[in-house]
Structures are given as C-alpha cells and as structure tokens.
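Taking it in order: structure first as structure tokens, then the write-up.
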Amino acid sequence: MDGPKPEKVAIAQDDRRQRAVAEACGLIYSDKRQGIDSWHPLGPPVEVKGPTKKKITTDRDFGRKTIEKLRGQFFLAGFCRNLADGTEITEIWAFHPDDLEEWLKGHEKYFDECDEMIAMARGFLRAGGAEPDFIKKLLSFASRGMKKNNPTIGINYVRKHGTRLAQPYPESFTDFVRRRPLRPGDIETGVCILDVGDVPDASNPVSDIPGTEGSLADAA
C-alpha cells in the first residue's frame with residue numbers, strides 16, 4: 001500500500017511544529033487550518049510558525065487579506081528541528097505587528113502596482129487603444145499577481161526586527177504582550193483584549209527582555 005503523500009506529511013509536520021511552539025509559549029492552540037492559529041491567555045490572537053530553515057514562510061495565498069490579518073495579531077516564529085519522536089525548538093522570536101510593518105509595506109506596494117496595472121488596462125480597453133486580446137492577457141497577468149505563493153521573512157529581518165524570547169517561554173512572551181499590547185482598533189478578529197494594566201512605552205522594537213542575547217542557532 002502506498003504511504004502518505006509528501007504534501008500531507010509536510011502539512012502534518014508543519015502543524016506538529018506550530019502546535020509545539022504554541023504550547024511551549026502557553027498559548028491556546030486552534031486545530032483549524034484556517035483562521036486564527038492561537039490565542040494568548042490574556043486574549044490577543046497569535047500567528048504561529050515553526051520553520052526548520054533560516055526563513056519563515058507565511059501563506060500560500062498571500063494577499064491583502066493576509067496583510068490585514070498580520071496587522072491585527074502577534075506573530076511567533078519558533079525555529080525547530082523535526083525529530084523521529086517529536087519536535088525540538090531551538091529558538092523562539094516574537095513580533096508585534098509594528099515589527100512586521102516594513103516587510104508588509106513592501107508587499108502592499110506590489111499589490112498597489114497590480115491595481116494600477118489593472119486600472120490602466122481597463123482604461124485602454126474602454127478607449128480602444130490596444131488590442132483586446134493583449135489587454136485580456138494583461139488583466140489576467142495582473143489579477144494573478146494579486147496573490148503571492150508563500151513569501152518568506154528572511155533571517156536578517158528576524159534578527160533586526162524580532163525579539164528573541166528567553167526561557168521560560170510563557171513568562172517571556174507574556175512580558176512581551178504586556179509591554180507591547182495590540183491596539184484594539186487594529187484587531188479584526190473580534191477577540192476581546194483583557195486589561196493587562198499599565199505598560200511601559202513599547203514604541204521601541206529593540207528587545208529589552210532579559211536573556212535574549214545571542215544569534216539564531218543553525219536549523220536543520
């Protein structure tokens with residue numbers, strides 16, 4: 001009998017790693033493949049990734065909705081190794097939406113250019129200024145460009161903008177959440193954010209959590 005298909009195995013491994021990262025940080029993990037990955041006990045939603053390489057994949061159908069989603073959640077990347085009997089987590093990095101904004105704006109600019117191309121093509125078509133077949137091909141090309149296949153966040157961006165969590169991870173990430181709360185007006189999920197009390201100024205994305213010194217360990 002044939003074994004499981006490679007794609008299904010990869011999905012199962014991805015889910016296993018993401019669950020391991022979420023549980024290591026004390027999150028409430030969702031079993032659903034779509035929507036919110038997990039929640040912090042204080043309330044805010046958290047996107048969780050478990051990469052095995054020095055880059056973080058994001059979404060196979062990355063588009064404007066993905067950008068909107070990432071602007072309303074915390075983001076955790078736990079660099080992992082797949083083991084025969086489970087998952088080894090080497091490091092975990094946390095991101096506030098503000099930390100991802102530079103990366104998100106770069107992709108948003110690409111989608112804006114696709115919008116401009118579509119508007120221009122439609123204008124030419126209405127004015128009869130170009131061959132209809134050419135315009136239809138241009139529209140098709142621009143429309144396909146409105147989604148990207150798994151754009152990645154590179155390790156240099158992680159090191160520059162992320163905060164490496166110290167162990168114990170639940171306490172470290174809770175400290176991060178308290179210091180840098182989400183803005184309720186930016187949250188699109190309807191999740192109720194609990195009162196976490198007074199927090200210091202979180203405008204500086206540089207890590208100030210004790211024990212976060214060091215660089216990313218080599219991942220398998």
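Residues are referred to by chain and number: the chain letter is A, B, ... according to the order shown in the structure tokens, the number counts from 1 in that chain, and ligands are numbered separately from 1 in the order shown.
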Could you pull out the alpha helix (DSSP H) residues of region 70-171 of chain A from DSSP and send them as a PyMOL selection string?
chain A and resi 70+97-127+132-144+155-161+169-171
Can you list every residue of region 11-85 of chain A that has an atom at most 8 Å from region 96-117 of chain A, with its nearest atom pair and the distance in Å to one decimal, using only C-alpha atoms, ordered by chain then number, as a tab-separated table?
```
residue	atom	partner	partner_atom	distance
A:Gly63	CA	A:Phe111	CA	7.9
A:Arg64	CA	A:Glu108	CA	7.1
A:Ile67	CA	A:Leu104	CA	6.3
A:Leu70	CA	A:Pro97	CA	6.5
A:Arg71	CA	A:Pro97	CA	5.0
A:Gly72	CA	A:Pro97	CA	6.7
A:Gln73	CA	A:Pro97	CA	6.4
A:Phe74	CA	A:His96	CA	5.1
A:Phe75	CA	A:His96	CA	6.5
```
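CA of Gln167 (chain A) sits 12.5 Å away from CA of Val21 (chain A).
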Exercise: Ile28 (chain A) partners within 7 Å, only C-alpha atoms, chain neighbours under 6 positions left out, as a ChimeraX atom specification
/A:38-41
Please save all heavy atoms of the selected residues as a PDB file, in the first residue's frame.
```pdb
ATOM      1  N   SER A  38      -3.816  30.698  17.191  1.00  0.00           N
ATOM      2  CA  SER A  38      -3.825  30.514  18.636  1.00  0.00           C
ATOM      3  C   SER A  38      -4.125  31.840  19.321  1.00  0.00           C
ATOM      4  O   SER A  38      -4.126  32.895  18.692  1.00  0.00           O
ATOM      5  CB  SER A  38      -2.476  29.955  19.107  1.00  0.00           C
ATOM      6  OG  SER A  38      -1.423  30.838  18.731  1.00  0.00           O
ATOM      7  N   TRP A  39      -4.346  31.741  20.629  1.00  0.00           N
ATOM      8  CA  TRP A  39      -4.605  32.921  21.445  1.00  0.00           C
ATOM      9  C   TRP A  39      -3.703  32.886  22.669  1.00  0.00           C
ATOM     10  O   TRP A  39      -3.424  31.820  23.224  1.00  0.00           O
ATOM     11  CB  TRP A  39      -6.053  32.945  21.932  1.00  0.00           C
ATOM     12  CG  TRP A  39      -7.080  33.150  20.882  1.00  0.00           C
ATOM     13  CD1 TRP A  39      -7.660  34.328  20.501  1.00  0.00           C
ATOM     14  CD2 TRP A  39      -7.672  32.145  20.059  1.00  0.00           C
ATOM     15  NE1 TRP A  39      -8.560  34.109  19.496  1.00  0.00           N
ATOM     16  CE2 TRP A  39      -8.606  32.781  19.203  1.00  0.00           C
ATOM     17  CE3 TRP A  39      -7.511  30.759  19.958  1.00  0.00           C
ATOM     18  CZ2 TRP A  39      -9.352  32.083  18.266  1.00  0.00           C
ATOM     19  CZ3 TRP A  39      -8.262  30.065  19.030  1.00  0.00           C
ATOM     20  CH2 TRP A  39      -9.168  30.726  18.200  1.00  0.00           C
ATOM     21  N   HIS A  40      -3.290  34.075  23.083  1.00  0.00           N
ATOM     22  CA  HIS A  40      -2.596  34.196  24.359  1.00  0.00           C
ATOM     23  C   HIS A  40      -3.656  34.185  25.464  1.00  0.00           C
ATOM     24  O   HIS A  40      -4.765  34.670  25.249  1.00  0.00           O
ATOM     25  CB  HIS A  40      -1.783  35.495  24.404  1.00  0.00           C
ATOM     26  CG  HIS A  40      -0.893  35.596  25.589  1.00  0.00           C
ATOM     27  ND1 HIS A  40      -1.347  36.067  26.807  1.00  0.00           N
ATOM     28  CD2 HIS A  40       0.418  35.273  25.772  1.00  0.00           C
ATOM     29  CE1 HIS A  40      -0.359  36.039  27.676  1.00  0.00           C
ATOM     30  NE2 HIS A  40       0.723  35.559  27.083  1.00  0.00           N
ATOM     31  N   PRO A  41      -3.359  33.657  26.642  1.00  0.00           N
ATOM     32  CA  PRO A  41      -4.343  33.645  27.730  1.00  0.00           C
ATOM     33  C   PRO A  41      -4.900  35.028  28.084  1.00  0.00           C
ATOM     34  O   PRO A  41      -6.014  35.130  28.595  1.00  0.00           O
ATOM     35  CB  PRO A  41      -3.562  33.053  28.909  1.00  0.00           C
ATOM     36  CG  PRO A  41      -2.560  32.152  28.262  1.00  0.00           C
ATOM     37  CD  PRO A  41      -2.151  32.864  27.002  1.00  0.00           C
TER      38      PRO A  41
END
```
For CA of Gly154 (chain A) and CA of Ser172 (chain A), the interatomic separation in Å (one decimal)
23.1 Å
To one decimal in Å, tell me the separation between CA of Ile92 (chain A) and CA of Cys25 (chain A).
9.0 Å
What's around Asp59 (chain A) at 12 Å? Count only C-alpha atoms, leave out sequence neighbours fewer than 5 positions away in its own chain, and write the answer as number ranges by chain.
A: 33-35, 47-49, 64-67, 69-70, 147-153
Give the strand (DSSP E) residues of region 8-109 of chain A, as DSSP finds them on the backbone, and put them as JSON, numbers by chain.
{"A": [28, 29, 38, 39, 45, 46, 47, 48, 49, 55, 56, 57, 74, 75, 76, 77, 78, 79, 80, 81, 82, 83, 86, 87, 88, 89, 90, 91, 92, 93, 94, 95]}
As an NGL selection string, please: the residues near Ala94 (chain A) (cut-off 6 Å, only C-alpha atoms, same-chain neighbours under 5 positions excluded).
:A and (75-76 or 162-163)
